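*Asks:* Data: start-v3.tsv, TSV, C-alpha atoms.
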```tsv
chain	number	residue	atom	x	y	z
A	633	MET	CA	-20.18	-16.80	13.49
A	634	LYS	CA	-21.22	-15.18	16.80
A	635	LYS	CA	-19.18	-17.74	18.77
A	636	LYS	CA	-16.11	-17.01	16.66
A	637	LEU	CA	-16.54	-13.29	17.12
A	638	ILE	CA	-16.92	-13.61	20.91
A	639	THR	CA	-13.85	-15.85	21.07
A	640	LEU	CA	-11.81	-13.36	19.08
A	641	VAL	CA	-12.83	-10.43	21.30
A	642	ILE	CA	-12.01	-12.41	24.47
A	643	VAL	CA	-8.57	-13.35	23.12
A	644	ALA	CA	-7.86	-9.73	22.16
A	645	PHE	CA	-8.92	-8.47	25.58
A	646	PHE	CA	-6.92	-11.11	27.44
A	647	ILE	CA	-3.70	-10.45	25.52
A	648	GLY	CA	-4.20	-6.69	25.82
A	649	ILE	CA	-4.28	-6.94	29.60
A	650	ILE	CA	-1.32	-9.29	29.95
A	651	VAL	CA	1.03	-7.62	27.47
A	652	SER	CA	1.89	-4.63	29.64
A	653	PRO	CA	4.81	-3.61	31.87
A	654	VAL	CA	4.92	-5.31	35.26
A	655	SER	CA	7.59	-3.19	36.94
A	656	ASP	CA	6.47	-0.25	39.09
A	657	GLY	CA	9.95	1.10	39.85
A	658	SER	CA	9.73	0.28	43.59
A	659	ILE	CA	12.47	-2.37	43.52
A	660	ASP	CA	16.22	-2.08	43.14
A	661	ASN	CA	17.83	-1.71	39.72
A	662	ASP	CA	19.20	-5.27	39.40
A	663	LYS	CA	15.85	-6.86	40.22
A	664	GLN	CA	14.03	-4.38	37.99
A	665	THR	CA	16.33	-5.20	35.07
A	666	TYR	CA	15.78	-8.91	35.63
A	667	ILE	CA	11.99	-8.49	35.71
A	668	LEU	CA	11.95	-6.24	32.65
A	669	GLU	CA	14.05	-8.69	30.64
A	670	ASN	CA	11.76	-11.56	31.56
A	671	ASP	CA	8.73	-9.34	30.99
A	672	ARG	CA	10.02	-8.59	27.49
A	673	GLU	CA	10.41	-12.32	26.75
A	674	LEU	CA	6.89	-12.95	28.04
A	675	ASN	CA	5.51	-10.13	25.93
A	676	GLU	CA	7.20	-11.48	22.81
A	677	LEU	CA	5.90	-14.98	23.48
A	678	LEU	CA	2.35	-13.74	24.05
A	679	PHE	CA	2.55	-11.45	21.05
A	680	ASP	CA	3.61	-14.30	18.76
A	681	ARG	CA	0.81	-16.53	19.99
A	682	TYR	CA	-1.67	-13.70	19.63
A	683	ILE	CA	-0.66	-12.99	16.03
A	684	LYS	CA	-0.81	-16.69	15.14
A	685	ILE	CA	-4.35	-16.87	16.50
A	686	LEU	CA	-5.39	-13.77	14.59
A	687	ILE	CA	-3.88	-15.11	11.36
A	688	LYS	CA	-6.23	-18.09	11.56
A	689	PHE	CA	-9.25	-15.87	12.18
A	690	ALA	CA	-8.17	-13.56	9.35
A	691	HIS	CA	-7.77	-16.53	6.98
A	692	LYS	CA	-4.21	-15.65	6.01
A	693	SER	CA	-1.74	-18.24	4.78
A	694	SER	CA	1.14	-16.00	5.86
A	695	ILE	CA	1.96	-12.56	7.19
A	696	SER	CA	5.18	-10.60	7.06
A	697	ALA	CA	5.18	-7.49	9.23
A	698	CYS	CA	7.46	-4.83	10.68
A	699	VAL	CA	7.41	-1.93	13.10
A	700	ILE	CA	9.37	1.24	12.35
A	701	ILE	CA	10.55	3.68	15.00
A	702	ASN	CA	11.94	6.99	13.75
A	703	ASP	CA	14.42	6.05	11.02
A	704	SER	CA	14.89	2.31	11.53
A	705	VAL	CA	13.04	-1.00	11.80
A	706	GLY	CA	12.53	-1.86	15.47
A	707	TRP	CA	10.96	-5.26	14.90
A	708	SER	CA	10.14	-7.51	11.94
A	709	LYS	CA	8.97	-11.08	11.53
A	710	GLY	CA	7.16	-13.54	9.28
A	711	TYR	CA	4.36	-15.90	10.29
A	712	GLY	CA	2.81	-18.84	8.48
A	713	LEU	CA	3.68	-20.29	5.08
A	714	TYR	CA	3.94	-18.17	1.97
A	715	ASP	CA	4.02	-21.35	-0.12
A	716	ILE	CA	1.96	-24.07	1.54
A	717	GLU	CA	2.68	-26.77	-1.03
A	718	LYS	CA	6.45	-26.41	-0.56
A	719	ASN	CA	6.27	-25.65	3.17
A	720	LYS	CA	8.09	-22.30	2.85
A	721	PRO	CA	7.85	-20.06	5.93
A	722	ALA	CA	7.36	-16.32	5.57
A	723	THR	CA	10.23	-14.00	6.58
A	724	PRO	CA	10.87	-10.25	6.43
A	725	ASP	CA	12.54	-10.86	3.04
A	726	THR	CA	9.61	-12.72	1.44
A	727	LEU	CA	8.32	-10.90	-1.63
A	728	TYR	CA	4.65	-9.99	-1.86
A	729	LEU	CA	2.48	-8.26	-4.42
A	730	MET	CA	1.68	-4.77	-3.06
A	731	ALA	CA	-1.57	-4.04	-4.87
A	732	SER	CA	-2.50	-0.38	-4.28
A	733	ILE	CA	0.44	0.45	-2.02
A	734	SER	CA	2.15	0.67	-5.42
A	735	LYS	CA	0.43	4.03	-5.91
A	736	THR	CA	2.63	5.65	-3.27
A	737	VAL	CA	5.71	4.79	-5.35
A	738	THR	CA	4.10	5.85	-8.63
A	739	ALA	CA	3.15	9.19	-7.07
A	740	THR	CA	6.68	9.57	-5.71
A	741	ALA	CA	8.13	8.99	-9.19
A	742	LEU	CA	5.95	11.74	-10.66
A	743	MET	CA	6.68	14.13	-7.81
A	744	GLN	CA	10.42	13.70	-8.36
A	745	LEU	CA	9.84	15.24	-11.79
A	746	TYR	CA	7.82	17.98	-10.08
A	747	ASP	CA	10.87	18.64	-7.88
A	748	LYS	CA	12.85	19.25	-11.07
A	749	GLY	CA	10.38	21.91	-12.18
A	750	LEU	CA	9.16	19.90	-15.17
A	751	PHE	CA	5.47	20.61	-14.47
A	752	ASP	CA	3.16	22.34	-11.99
A	753	LEU	CA	0.48	20.50	-10.05
A	754	ASP	CA	-2.29	22.57	-11.61
A	755	ASP	CA	-1.06	22.18	-15.18
A	756	ASP	CA	-3.50	20.69	-17.67
A	757	VAL	CA	-2.19	17.17	-18.36
A	758	ASN	CA	-3.28	17.59	-21.98
A	759	ASN	CA	-0.19	19.73	-22.40
A	760	TYR	CA	1.87	16.56	-21.81
A	761	LEU	CA	-0.27	13.76	-23.30
A	762	PRO	CA	-0.51	12.82	-26.98
A	763	PHE	CA	-4.33	12.73	-26.71
A	764	GLU	CA	-7.10	14.83	-25.16
A	765	LEU	CA	-8.02	13.74	-21.64
A	766	ARG	CA	-11.37	15.32	-20.83
A	767	ASN	CA	-14.57	14.27	-19.15
A	768	PRO	CA	-16.90	14.47	-22.19
A	769	LYS	CA	-19.59	15.95	-19.96
A	770	TYR	CA	-17.27	18.85	-19.10
A	771	PRO	CA	-15.00	19.27	-22.12
A	772	ASP	CA	-13.88	22.78	-21.14
A	773	ILE	CA	-12.60	21.89	-17.64
A	774	PRO	CA	-8.91	20.89	-17.55
A	775	ILE	CA	-7.80	17.76	-15.70
A	776	THR	CA	-4.65	18.52	-13.72
A	777	PHE	CA	-1.80	16.56	-12.16
A	778	ARG	CA	-3.21	17.39	-8.71
A	779	MET	CA	-6.59	15.92	-9.66
A	780	LEU	CA	-5.10	12.68	-10.97
A	781	LEU	CA	-2.86	12.21	-7.94
A	782	SER	CA	-5.78	12.87	-5.55
A	783	HIS	CA	-8.43	10.78	-7.37
A	784	GLN	CA	-10.37	13.95	-8.16
A	785	SER	CA	-10.12	13.86	-11.96
A	786	SER	CA	-13.78	12.73	-12.43
A	787	LEU	CA	-12.60	9.34	-13.68
A	788	ALA	CA	-15.13	7.08	-12.01
A	789	SER	CA	-14.82	3.44	-13.02
A	790	ASP	CA	-12.22	0.76	-13.66
A	791	ASN	CA	-14.35	-1.24	-16.07
A	792	SER	CA	-11.10	-2.60	-17.51
A	793	ASP	CA	-11.57	-5.29	-14.83
A	794	ARG	CA	-14.58	-6.52	-16.75
A	795	LEU	CA	-12.48	-6.80	-19.88
A	796	CYS	CA	-10.38	-9.46	-18.07
A	797	LEU	CA	-7.26	-7.53	-19.02
A	798	SER	CA	-6.27	-6.11	-15.65
A	799	TYR	CA	-4.45	-9.27	-14.59
A	800	LEU	CA	-3.46	-12.46	-16.35
A	801	PRO	CA	-1.06	-15.30	-15.43
A	802	GLY	CA	2.52	-14.34	-16.12
A	803	ASP	CA	3.73	-10.92	-17.18
A	804	PRO	CA	3.00	-10.42	-20.88
A	805	ASP	CA	3.34	-7.15	-22.74
A	806	ILE	CA	0.68	-5.40	-24.77
A	807	PRO	CA	2.34	-3.53	-27.66
A	808	SER	CA	-0.39	-0.87	-27.63
A	809	TYR	CA	-0.06	-0.11	-23.90
A	810	PRO	CA	0.12	2.54	-22.57
A	811	TYR	CA	-0.48	4.27	-25.88
A	812	PRO	CA	-2.73	4.18	-27.83
A	813	TRP	CA	-4.69	1.89	-25.48
A	814	LEU	CA	-5.27	4.67	-22.91
A	815	GLU	CA	-6.68	6.90	-25.63
A	816	GLU	CA	-8.93	4.10	-26.89
A	817	TYR	CA	-10.16	3.43	-23.34
A	818	LEU	CA	-10.66	7.01	-22.14
A	819	THR	CA	-11.97	8.92	-25.13
A	820	PRO	CA	-15.43	8.68	-26.73
A	821	GLY	CA	-15.34	6.66	-29.92
A	822	GLY	CA	-12.37	4.61	-28.78
A	823	ASN	CA	-12.43	0.84	-29.30
A	824	ALA	CA	-12.29	0.17	-25.53
A	825	TYR	CA	-14.36	3.16	-24.42
A	826	HIS	CA	-17.35	2.90	-22.11
A	827	SER	CA	-19.24	5.89	-20.75
A	828	GLU	CA	-19.01	4.55	-17.17
A	829	VAL	CA	-15.36	5.54	-17.07
A	830	TRP	CA	-16.42	9.17	-16.40
A	831	SER	CA	-18.55	10.44	-13.52
A	832	GLU	CA	-21.38	12.97	-13.58
A	833	TYR	CA	-19.28	15.38	-11.49
A	834	LYS	CA	-16.90	18.05	-12.66
A	835	PRO	CA	-13.15	17.41	-12.42
A	836	GLY	CA	-12.02	18.46	-8.95
A	837	GLU	CA	-15.53	18.24	-7.51
A	838	LYS	CA	-15.71	14.71	-6.08
A	839	TYR	CA	-13.39	11.90	-4.95
A	840	TYR	CA	-13.47	8.64	-6.94
A	841	TYR	CA	-10.82	6.03	-6.21
A	842	VAL	CA	-9.80	4.52	-9.57
A	843	ASN	CA	-6.75	2.58	-10.71
A	844	ILE	CA	-6.79	3.86	-14.27
A	845	GLY	CA	-5.86	7.35	-13.07
A	846	TYR	CA	-2.54	5.96	-11.87
A	847	SER	CA	-2.01	4.25	-15.22
A	848	ILE	CA	-2.12	7.75	-16.69
A	849	ILE	CA	0.34	8.94	-14.01
A	850	GLY	CA	2.73	6.13	-14.92
A	851	TYR	CA	2.46	7.13	-18.57
A	852	LEU	CA	3.13	10.77	-17.68
A	853	VAL	CA	6.30	9.66	-15.86
A	854	GLU	CA	7.42	8.02	-19.09
A	855	LEU	CA	6.56	11.01	-21.27
A	856	ILE	CA	8.17	13.61	-19.01
A	857	SER	CA	11.29	11.61	-18.07
A	858	GLY	CA	11.78	9.93	-21.45
A	859	LYS	CA	12.24	6.55	-19.71
A	860	ASN	CA	10.24	3.38	-19.29
A	861	PHE	CA	8.20	3.69	-16.09
A	862	ASN	CA	9.59	0.61	-14.33
A	863	GLU	CA	13.16	1.48	-15.30
A	864	TYR	CA	12.67	5.05	-14.09
A	865	CYS	CA	11.54	3.75	-10.68
A	866	LYS	CA	14.52	1.40	-10.49
A	867	GLU	CA	17.02	4.15	-11.27
A	868	ASN	CA	15.50	6.90	-9.13
A	869	ILE	CA	13.77	5.13	-6.23
A	870	PHE	CA	14.61	1.45	-5.84
A	871	ILE	CA	18.38	1.49	-6.36
A	872	PRO	CA	19.00	4.70	-4.34
A	873	LEU	CA	16.95	3.25	-1.46
A	874	ASP	CA	18.65	-0.17	-1.59
A	875	MET	CA	15.47	-1.87	-2.84
A	876	THR	CA	17.23	-4.12	-5.32
A	877	ASN	CA	14.59	-6.88	-5.14
A	878	THR	CA	11.70	-4.51	-5.88
A	879	SER	CA	10.01	-4.10	-9.26
A	880	PHE	CA	6.71	-3.39	-10.98
A	881	ARG	CA	7.27	-6.32	-13.34
A	882	LEU	CA	6.94	-9.96	-12.36
A	883	ARG	CA	9.68	-10.93	-14.82
A	884	ASP	CA	12.28	-9.19	-12.67
A	885	HIS	CA	11.73	-11.59	-9.75
A	886	ASP	CA	12.49	-15.17	-8.86
A	887	ILE	CA	8.94	-16.46	-8.48
A	888	ASN	CA	10.11	-19.07	-5.97
A	889	LYS	CA	10.65	-16.20	-3.52
A	890	ILE	CA	7.22	-14.61	-4.05
A	891	ALA	CA	4.27	-15.39	-1.78
A	892	ILE	CA	1.68	-17.50	-3.57
A	893	PRO	CA	-1.64	-15.63	-3.97
A	894	TYR	CA	-4.31	-17.73	-2.27
A	895	PHE	CA	-8.08	-17.77	-2.17
A	896	TYR	CA	-9.50	-18.97	1.14
A	897	LYS	CA	-12.55	-21.15	0.56
A	898	ALA	CA	-14.30	-23.70	2.75
A	899	GLY	CA	-11.38	-23.93	5.17
A	900	LYS	CA	-8.75	-24.38	2.48
A	901	TYR	CA	-6.25	-22.15	0.69
A	902	GLU	CA	-6.52	-22.49	-3.07
A	903	PRO	CA	-3.34	-21.38	-4.89
A	904	ASN	CA	-3.49	-19.11	-7.90
A	905	PRO	CA	-0.82	-18.39	-10.50
A	906	HIS	CA	1.40	-15.35	-10.21
A	907	TYR	CA	0.04	-12.66	-12.47
A	908	GLY	CA	1.06	-9.41	-14.06
A	909	MET	CA	-1.02	-6.25	-14.24
A	910	LEU	CA	-1.42	-5.47	-17.90
A	911	LEU	CA	-3.41	-2.25	-17.98
A	912	VAL	CA	-3.07	-0.82	-14.49
A	913	TYR	CA	0.41	-1.97	-13.54
A	914	PRO	CA	1.64	1.44	-12.24
A	915	ALA	CA	-1.34	1.37	-9.86
A	916	ALA	CA	-1.00	-2.08	-8.33
A	917	SER	CA	1.75	-4.38	-9.61
A	918	MET	CA	4.81	-3.64	-7.45
A	919	ARG	CA	6.35	-6.58	-5.59
A	920	THR	CA	8.72	-6.13	-2.69
A	921	SER	CA	9.51	-7.27	0.87
A	922	ILE	CA	8.69	-5.51	4.14
A	923	GLU	CA	12.42	-5.03	4.65
A	924	GLU	CA	12.80	-3.14	1.38
A	925	LEU	CA	9.54	-1.21	1.57
A	926	SER	CA	10.58	0.01	5.02
A	927	HIS	CA	13.38	2.00	3.32
A	928	PHE	CA	10.83	3.80	1.16
A	929	LEU	CA	8.50	4.47	4.09
A	930	ILE	CA	11.34	5.76	6.27
A	931	ALA	CA	12.25	8.22	3.50
A	932	HIS	CA	8.68	9.54	3.54
A	933	MET	CA	8.64	9.69	7.34
A	934	ASN	CA	11.89	11.66	7.39
A	935	GLY	CA	11.29	14.44	4.90
A	936	GLY	CA	12.46	12.50	1.85
A	937	ILE	CA	15.70	11.06	3.24
A	938	TYR	CA	16.79	7.48	3.90
A	939	LYS	CA	20.36	6.97	5.18
A	940	ASP	CA	21.54	10.29	3.76
A	941	VAL	CA	19.93	9.56	0.38
A	942	ARG	CA	17.30	12.13	-0.59
A	943	ILE	CA	14.57	11.08	-3.02
A	944	LEU	CA	12.27	14.11	-2.62
A	945	ASN	CA	12.40	17.62	-1.24
A	946	GLU	CA	10.88	17.97	2.22
A	947	SER	CA	8.32	20.50	0.95
A	948	THR	CA	7.22	17.99	-1.69
A	949	ILE	CA	6.84	15.28	0.96
A	950	ASP	CA	4.59	17.66	2.90
A	951	LEU	CA	2.50	18.24	-0.24
A	952	MET	CA	2.04	14.51	-0.74
A	953	HIS	CA	0.94	14.00	2.86
A	954	THR	CA	-1.62	16.82	2.77
A	955	ARG	CA	-5.29	16.47	1.82
A	956	HIS	CA	-5.81	18.67	-1.24
A	957	TYR	CA	-9.60	18.47	-1.30
A	958	PRO	CA	-10.48	18.37	2.44
A	959	ASP	CA	-14.11	19.46	2.05
A	960	ASN	CA	-15.08	16.06	0.65
A	961	ASN	CA	-14.42	14.32	3.97
A	962	LYS	CA	-13.76	15.98	7.30
A	963	GLU	CA	-11.88	13.04	8.83
A	964	SER	CA	-10.25	11.07	6.05
A	965	GLY	CA	-9.05	12.03	2.63
A	966	TYR	CA	-6.38	11.54	0.00
A	967	GLY	CA	-3.20	13.49	-0.51
A	968	LEU	CA	-0.94	12.93	-3.50
A	969	GLY	CA	-0.72	9.15	-3.55
A	970	TRP	CA	-1.38	8.72	0.19
A	971	PHE	CA	-4.43	8.36	2.40
A	972	VAL	CA	-4.49	10.96	5.19
A	973	ARG	CA	-6.71	10.31	8.23
A	974	GLU	CA	-7.25	12.99	10.86
A	975	LYS	CA	-9.95	11.77	13.26
A	976	ALA	CA	-10.83	13.54	16.49
A	977	PHE	CA	-8.99	12.24	19.58
A	978	GLN	CA	-6.78	9.99	17.43
A	979	LYS	CA	-3.28	10.39	16.07
A	980	LYS	CA	-3.01	11.48	12.45
A	981	GLU	CA	-2.28	8.54	10.16
A	982	ILE	CA	-0.74	8.59	6.69
A	983	GLY	CA	-0.43	5.50	4.54
A	984	HIS	CA	-2.01	3.17	2.02
A	985	SER	CA	-3.63	-0.24	1.86
A	986	GLY	CA	-3.85	-2.75	-0.95
A	987	GLY	CA	-6.29	-5.46	-1.95
A	988	TRP	CA	-6.24	-7.65	-5.05
A	989	PRO	CA	-6.77	-11.38	-5.72
A	990	GLY	CA	-4.47	-13.12	-3.26
A	991	VAL	CA	-3.31	-9.86	-1.65
A	992	HIS	CA	-4.08	-7.78	1.44
A	993	THR	CA	-1.48	-5.20	2.50
A	994	GLN	CA	-1.21	-2.23	4.83
A	995	MET	CA	1.38	0.53	5.31
A	996	THR	CA	0.68	3.26	7.88
A	997	PHE	CA	2.72	5.82	9.83
A	998	ARG	CA	1.89	8.30	12.56
A	999	PRO	CA	3.90	11.51	12.18
A	1000	GLU	CA	3.19	12.61	15.76
A	1001	ASP	CA	5.40	9.93	17.29
A	1002	LYS	CA	7.21	8.78	14.09
A	1003	THR	CA	6.06	5.19	14.37
A	1004	ALA	CA	4.90	3.00	11.51
A	1005	ILE	CA	3.77	-0.50	10.62
A	1006	ILE	CA	3.84	-2.56	7.42
A	1007	ILE	CA	1.80	-5.75	6.95
A	1008	PHE	CA	1.87	-8.03	3.91
A	1009	THR	CA	-0.43	-11.02	3.44
A	1010	ASN	CA	-1.10	-13.37	0.56
A	1011	ALA	CA	-4.80	-14.14	0.80
A	1012	TYR	CA	-7.89	-12.57	-0.67
A	1013	ASP	CA	-8.67	-9.16	0.81
A	1014	SER	CA	-10.46	-9.98	4.06
A	1015	THR	CA	-12.10	-6.58	4.46
A	1016	GLN	CA	-13.98	-7.04	1.22
A	1017	TYR	CA	-14.51	-10.74	0.76
A	1018	LEU	CA	-14.20	-12.70	3.98
A	1019	GLY	CA	-16.64	-10.96	6.28
A	1020	PRO	CA	-16.58	-9.15	9.63
A	1021	ILE	CA	-14.60	-11.69	11.67
A	1022	ALA	CA	-11.64	-11.80	9.29
A	1023	SER	CA	-11.80	-8.03	8.95
A	1024	LEU	CA	-11.74	-7.56	12.73
A	1025	ALA	CA	-8.84	-10.01	13.06
A	1026	PHE	CA	-6.77	-8.02	10.57
A	1027	LYS	CA	-7.61	-4.80	12.40
A	1028	LEU	CA	-6.48	-6.38	15.68
A	1029	ILE	CA	-3.17	-7.33	14.06
A	1030	THR	CA	-2.73	-3.70	13.02
A	1031	ASN	CA	-3.53	-2.49	16.54
A	1032	ALA	CA	-1.15	-5.01	18.09
A	1033	LEU	CA	1.71	-3.79	15.92
A	1034	PHE	CA	1.10	-0.17	16.91
A	1035	ARG	CA	1.03	-1.20	20.58
A	1036	MET	CA	4.41	-2.83	20.02
A	1037	ALA	CA	5.63	0.38	18.38
A	1038	ASN	CA	4.56	2.32	21.46
A	1039	ARG	CA	6.50	-0.07	23.70
A	1040	LEU	CA	9.61	0.15	21.54
A	1041	ALA	CA	9.54	3.93	21.10
```
Can the structure from this file be put into structure tokens for me?

*Replies:*
Amino acid sequence: MKKKLITLVIVAFFIGIIVSPVSDGSIDNDKQTYILENDRELNELLFDRYIKILIKFAHKSSISACVIINDSVGWSKGYGLYDIEKNKPATPDTLYLMASISKTVTATALMQLYDKGLFDLDDDVNNYLPFELRNPKYPDIPITFRMLLSHQSSLASDNSDRLCLSYLPGDPDIPSYPYPWLEEYLTPGGNAYHSEVWSEYKPGEKYYYVNIGYSIIGYLVELISGKNFNEYCKENIFIPLDMTNTSFRLRDHDINKIAIPYFYKAGKYEPNPHYGMLLVYPAASMRTSIEELSHFLIAHMNGGIYKDVRILNESTIDLMHTRHYPDNNKESGYGLGWFVREKAFQKKEIGHSGGWPGVHTQMTFRPEDKTAIIIFTNAYDSTQYLGPIASLAFKLITNALFRMANRLA
């Protein structure tokens, strides 16, 4: 392992030195243009080789990635095979499961209803739900929209994973979902209830990242809008943003165009069936391409607008990209559906990652210079399951894409 780590660091250092401008401006314009053009070709060649090396260290079957500058995609490309058995190469149009990046869309759907004045962030959600949502340890403290969106509701555990109902092959429906299953799962005495679902802290007091909170948000979208959650997102987000191949339901896609979810084990990629999220699908089940997700991210980078289409008010965008409980972490926190990182001596970053069986994704933008990157992969989340080398390799891919963004800006 040490040899692999040293090799990876040396490769990163070597490429970092070489991939840099060679012109110093001391030659005439024609020669400078010639050198810059050849320098650009060299940079692209080295960059491609670098990414291909990192993919192997990161244990990824394929990667699709893009760089966004201001309001457009400045670079995009696919690497590796999204379907090894059928030898299908990844492209910017390959569809991937998003995992938790889905939460940014779910939050956007709810905040569109906020824009219409249909609720206030500090409203008690019990005024909108057909059951009482309360931490039984603090029955008199309301749980608000702001708390759910920021993972501050005192929901503390996704033990639905242990019920083996969070994901199953295919995309079946459960007639009792979202209601009354959510009531049965979240309220004492319910058939699916377990006390671990609630923390010892008061609502609003501590951050707990849980998927089930976004299942409730998806249900609130349905209740307030009067429409099925997935159909609401199609009508109000996907179609307006020209994301016609994006959906929260597997059944809406041609599975031959979706990256196979792989487990990396003993030097081999083991394929797994495509699966649907049954109980937490608003939190993690969206599938899309980097090309289409770039439209959504550009809208968030540009005050809610993509190509003259507005999906949110600019003030609402600012609310979503602001930490609402900053005392819990001085450097990194959660806004309304988005992670917000503000570390000393570093540029502010806003985005979201995703990890699920066969999935590792990243979407991040820097408002200071209006640059962004999106990375999709179809292998088990390296940061959690594959150890420090794979984790470092993925981080180096992220850094390389931001260096490219700086060159293109």

*Asks:* Pick the closest to Leu852 (chain A) from A:Tyr896, A:Leu780, A:Lys684, A:Asn877: which is it, counting all atoms listed in the file?

*Replies:* A:Leu780

*Asks:* Have a look at CA of Ser734 (chain A) and CA of Leu818 (chain A) and let me know their distance in Å, one decimal.

*Replies:* 22.0 Å

*Asks:* Ranking A:Pro804, A:Thr996, A:Asn843, A:Asn945 by minimum distance to Asn1031 (chain A) and counting all atoms listed in the file, which one comes first?

*Replies:*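 Closest to Asn1031 (chain A), using all atoms listed in the file: A:Thr996.
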
*Asks:* Using only C-alpha atoms for the distances, tell me which of A:Trp970, A:Tyr809, A:Tyr714, A:Phe997 is nearest to Tyr901 (chain A).

*Replies:*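 Smallest separation from Tyr901 (chain A) among the options: A:Tyr714.
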
*Asks:* Using all atoms listed in the file, which of A:Arg919, A:Ile1005, A:Asp874, A:Gly706 sits nearest Ala891 (chain A)?

*Replies:*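 Comparing A:Arg919, A:Ile1005, A:Asp874, A:Gly706 against Ala891 (chain A), the winner is A:Arg919.
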
*Asks:* Take CA of Cys698 (chain A) and CA of Ile1007 (chain A) and report the distance between them in Å, one decimal.

*Replies:*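 One can read the CA of Cys698 (chain A) to CA of Ile1007 (chain A) distance as 6.8 Å.
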
*Asks:* Between A:Asn862, A:Thr819, A:Asn1038, A:Thr776, which residue has the minimum interatomic distance to Ala741 (chain A), considering only C-alpha atoms?

*Replies:*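 Closest to Ala741 (chain A) of all the choices is A:Asn862.
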